[in-house]
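Worksheet: one structure, shown below.
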Amino acid sequence: MNRSQRIITVCLFVASLILACALDVLAQAAAAPRAKRVVSLAPSVTETVFALGFGDRLVGVTTYCDYPAEARKLPKIGGFMSPSLEAIAAKRPDFVIGVSSATDPVKAREMERLGLKVTLISLASVSDILNSIKSIARLLGSPQAGEKLVRKITLQFDEVKKRVAPAPPRSILLAVGLRPLVAVGGKNFIDELITLAGGKNIAGNAAQPWLNLPDEYVVAKAPQVIIEAGMGSERGPSGKNWSDLASIPAVKERRVYAYSSDKILRPGPRIGEGLEEIARLVHPECFAESKRGSSEGTGCERSRP
């Protein structure tokens, strides 16, 4: 066998290996079960399924699943913390998708004993949220949809980070409850969002994700921006009399903002939009467009800390 023949033989062998691997991948993908009937146990899961383009596969959602508007019309299987096993089983789902930190593990095991396939995703961090989108997309048989959505969110993050990068961080109190005052603590994806928005969470060193804060602590930490992002009945006009804490820079400089959207409270596909909205409250000067339509010359780099 001459040299040319040897080269041709090697090339053919390599090509056959590549073809075999490709066929194996396709066979595995075809064999993987695709969720055509899905029950969602969390609003963030419901939003993600819709954002991926598969809202028509949802056969049951919780009573708290209200976004997008189509979700309100879907059959309900009970509350976020207390879904009905009977209602879930009656939907004959291919998969039940819940959240590891919220779904009752006892109920999850009971669902599995009923023969249901249960997947619990983690949403503790921004990285977890992005990975959960990819995981749900794989369950739906469309990993490329997950990759596309994650790229979109990542670009939104990158744009915000670029905007606020020149500005010194501002200390932030992000309240999720006002009576009593409940703030975002550490080990929380919202704490990460505060940092990405150019802020520094005054309760970020706390070991728990949510905590009650006494007024004395808030005065001592002197937040420069206060954001009220109430949940449920806490949404709406502020019930906190911030004038009682007039010494706080945020109060003195009128940087107390009511944020009624749930985009940053729900760890789902809208967190990129939510991040920008929060960043605009923390550093409005970084989003003031110049005449040329860019962030140059906005005074962002000269903003007060």
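Please note that chains go A, B, ... in the order of the structure tokens, that every chain numbers its residues from 1, and that ligands are numbered from 1 in the order shown.
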Using DSSP secondary structure from the backbone, list all alpha helix (DSSP H) positions within range 46-190 of chain A, as a PyMOL selection string.
chain A and resi 46-51+85-90+105-113+126-139+143-164+189-190
DSSP on the backbone, then: every residue of range 23-113 of chain A marked strand (DSSP E), written as a PyMOL selection string.
chain A and resi 38-40+58-60+95-99
Would you mind listing what lies within 7 Å of range 199-207 of chain A as a PyMOL selection string, with only C-alpha atoms counted and same-chain residues fewer than 3 positions away left out?
chain A and resi 169-173+184-187+191+194-195+221+223+282
So that I have them on file, write out the residues from the current selection with all heavy atoms, as a JSON list (two decimals), in the first residue's frame.
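The resulting file, again.json, is reproduced below:
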[["chain", "number", "residue", "atom", "x", "y", "z"],
["A", 169, "PRO", "N", -19.97, 51.74, 43.56],
["A", 169, "PRO", "CA", -21.16, 51.06, 44.08],
["A", 169, "PRO", "C", -21.89, 51.93, 45.10],
["A", 169, "PRO", "O", -21.28, 52.68, 45.85],
["A", 169, "PRO", "CB", -20.59, 49.81, 44.75],
["A", 169, "PRO", "CG", -19.25, 49.60, 44.12],
["A", 169, "PRO", "CD", -18.73, 50.97, 43.82],
["A", 170, "ARG", "N", -23.22, 51.80, 45.11],
["A", 170, "ARG", "CA", -24.03, 52.48, 46.11],
["A", 170, "ARG", "C", -24.60, 51.44, 47.07],
["A", 170, "ARG", "O", -25.02, 50.36, 46.64],
["A", 170, "ARG", "CB", -25.18, 53.25, 45.46],
["A", 170, "ARG", "CG", -24.74, 54.53, 44.75],
["A", 170, "ARG", "CD", -25.94, 55.42, 44.43],
["A", 170, "ARG", "NE", -25.47, 56.72, 43.95],
["A", 170, "ARG", "CZ", -25.65, 57.19, 42.73],
["A", 170, "ARG", "NH1", -26.30, 56.46, 41.84],
["A", 170, "ARG", "NH2", -25.19, 58.37, 42.38],
["A", 171, "SER", "N", -24.68, 51.78, 48.34],
["A", 171, "SER", "CA", -25.24, 50.85, 49.33],
["A", 171, "SER", "C", -26.75, 50.80, 49.18],
["A", 171, "SER", "O", -27.42, 51.84, 49.04],
["A", 171, "SER", "CB", -24.86, 51.28, 50.75],
["A", 171, "SER", "OG", -25.27, 52.61, 51.00],
["A", 172, "ILE", "N", -27.29, 49.57, 49.21],
["A", 172, "ILE", "CA", -28.70, 49.35, 48.88],
["A", 172, "ILE", "C", -29.41, 48.57, 49.98],
["A", 172, "ILE", "O", -28.89, 47.60, 50.53],
["A", 172, "ILE", "CB", -28.83, 48.52, 47.58],
["A", 172, "ILE", "CG1", -27.99, 49.13, 46.45],
["A", 172, "ILE", "CG2", -30.28, 48.38, 47.16],
["A", 172, "ILE", "CD1", -28.42, 50.50, 46.02],
["A", 173, "LEU", "N", -30.62, 49.03, 50.30],
["A", 173, "LEU", "CA", -31.56, 48.23, 51.08],
["A", 173, "LEU", "C", -32.67, 47.82, 50.14],
["A", 173, "LEU", "O", -33.38, 48.67, 49.59],
["A", 173, "LEU", "CB", -32.13, 49.03, 52.25],
["A", 173, "LEU", "CG", -33.40, 48.45, 52.92],
["A", 173, "LEU", "CD1", -33.12, 47.07, 53.51],
["A", 173, "LEU", "CD2", -33.95, 49.39, 53.97],
["A", 184, "VAL", "N", -33.65, 41.61, 51.69],
["A", 184, "VAL", "CA", -32.88, 40.57, 51.02],
["A", 184, "VAL", "C", -31.54, 40.43, 51.74],
["A", 184, "VAL", "O", -30.84, 41.42, 51.95],
["A", 184, "VAL", "CB", -32.64, 40.95, 49.55],
["A", 184, "VAL", "CG1", -31.67, 39.97, 48.88],
["A", 184, "VAL", "CG2", -33.96, 40.98, 48.80],
["A", 185, "GLY", "N", -31.21, 39.21, 52.12],
["A", 185, "GLY", "CA", -29.95, 38.96, 52.80],
["A", 185, "GLY", "C", -28.91, 38.42, 51.86],
["A", 185, "GLY", "O", -28.87, 38.75, 50.67],
["A", 186, "GLY", "N", -28.06, 37.53, 52.37],
["A", 186, "GLY", "CA", -27.02, 36.92, 51.54],
["A", 186, "GLY", "C", -27.48, 35.57, 51.02],
["A", 186, "GLY", "O", -28.60, 35.13, 51.27],
["A", 187, "LYS", "N", -26.60, 34.90, 50.27],
["A", 187, "LYS", "CA", -26.90, 33.57, 49.71],
["A", 187, "LYS", "C", -28.24, 33.59, 48.97],
["A", 187, "LYS", "O", -29.09, 32.73, 49.17],
["A", 187, "LYS", "CB", -26.90, 32.52, 50.82],
["A", 187, "LYS", "CG", -25.58, 32.43, 51.59],
["A", 187, "LYS", "CD", -25.60, 31.32, 52.60],
["A", 187, "LYS", "CE", -24.33, 31.32, 53.44],
["A", 187, "LYS", "NZ", -23.10, 31.21, 52.66],
["A", 191, "ASP", "N", -29.50, 39.11, 45.89],
["A", 191, "ASP", "CA", -28.27, 39.75, 46.38],
["A", 191, "ASP", "C", -27.27, 39.86, 45.23],
["A", 191, "ASP", "O", -26.58, 40.87, 45.09],
["A", 191, "ASP", "CB", -27.70, 38.94, 47.54],
["A", 191, "ASP", "CG", -26.39, 39.49, 48.05],
["A", 191, "ASP", "OD1", -26.36, 40.66, 48.46],
["A", 191, "ASP", "OD2", -25.37, 38.75, 48.03],
["A", 194, "ILE", "N", -28.31, 42.69, 42.93],
["A", 194, "ILE", "CA", -27.97, 44.00, 43.50],
["A", 194, "ILE", "C", -26.53, 44.36, 43.14],
["A", 194, "ILE", "O", -26.23, 45.48, 42.73],
["A", 194, "ILE", "CB", -28.17, 44.01, 45.03],
["A", 194, "ILE", "CG1", -29.66, 43.89, 45.37],
["A", 194, "ILE", "CG2", -27.56, 45.27, 45.65],
["A", 194, "ILE", "CD1", -29.93, 43.70, 46.85],
["A", 195, "THR", "N", -25.63, 43.39, 43.29],
["A", 195, "THR", "CA", -24.23, 43.62, 42.96],
["A", 195, "THR", "C", -24.05, 43.91, 41.47],
["A", 195, "THR", "O", -23.34, 44.83, 41.08],
["A", 195, "THR", "CB", -23.38, 42.41, 43.36],
["A", 195, "THR", "OG1", -23.51, 42.18, 44.77],
["A", 195, "THR", "CG2", -21.91, 42.64, 43.04],
["A", 221, "LYS", "N", -26.30, 51.31, 58.93],
["A", 221, "LYS", "CA", -25.75, 50.97, 57.62],
["A", 221, "LYS", "C", -25.92, 52.10, 56.60],
["A", 221, "LYS", "O", -25.24, 52.12, 55.57],
["A", 221, "LYS", "CB", -26.42, 49.70, 57.08],
["A", 221, "LYS", "CG", -26.02, 48.45, 57.83],
["A", 221, "LYS", "CD", -24.53, 48.15, 57.64],
["A", 221, "LYS", "CE", -24.13, 46.87, 58.31],
["A", 221, "LYS", "NZ", -22.68, 46.57, 58.11],
["A", 223, "PRO", "N", -28.10, 53.19, 54.10],
["A", 223, "PRO", "CA", -28.21, 52.90, 52.65],
["A", 223, "PRO", "C", -28.41, 54.17, 51.84],
["A", 223, "PRO", "O", -29.09, 55.10, 52.26],
["A", 223, "PRO", "CB", -29.43, 51.99, 52.57],
["A", 223, "PRO", "CG", -30.24, 52.32, 53.78],
["A", 223, "PRO", "CD", -29.24, 52.61, 54.85],
["A", 282, "VAL", "N", -30.68, 52.30, 40.90],
["A", 282, "VAL", "CA", -29.43, 52.43, 41.65],
["A", 282, "VAL", "C", -28.53, 53.49, 41.02],
["A", 282, "VAL", "O", -27.95, 54.33, 41.71],
["A", 282, "VAL", "CB", -28.68, 51.08, 41.71],
["A", 282, "VAL", "CG1", -27.35, 51.23, 42.43],
["A", 282, "VAL", "CG2", -29.53, 50.03, 42.40]]
Just checking: using only C-alpha atoms, which residue out of A:Val49, A:Val164, A:Val39, A:Ala69 ends up closest to Leu85 in chain A?
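Answer, going by the shortest atom-to-atom distance: A:Val39.
Among the candidate residues A:Leu139, A:Met81, A:Leu275, A:Val61, the one lying nearest to Gln156 in chain A is A:Leu275, with distances computed using only C-alpha atoms.
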Nearest-residue call for Ile227 in chain A, choices A:Ser142, A:Ser261, A:Ser100, A:Ser135, using only C-alpha atoms
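Once distances to Ile227 in chain A are computed over only C-alpha atoms, the minimum belongs to A:Ser261.
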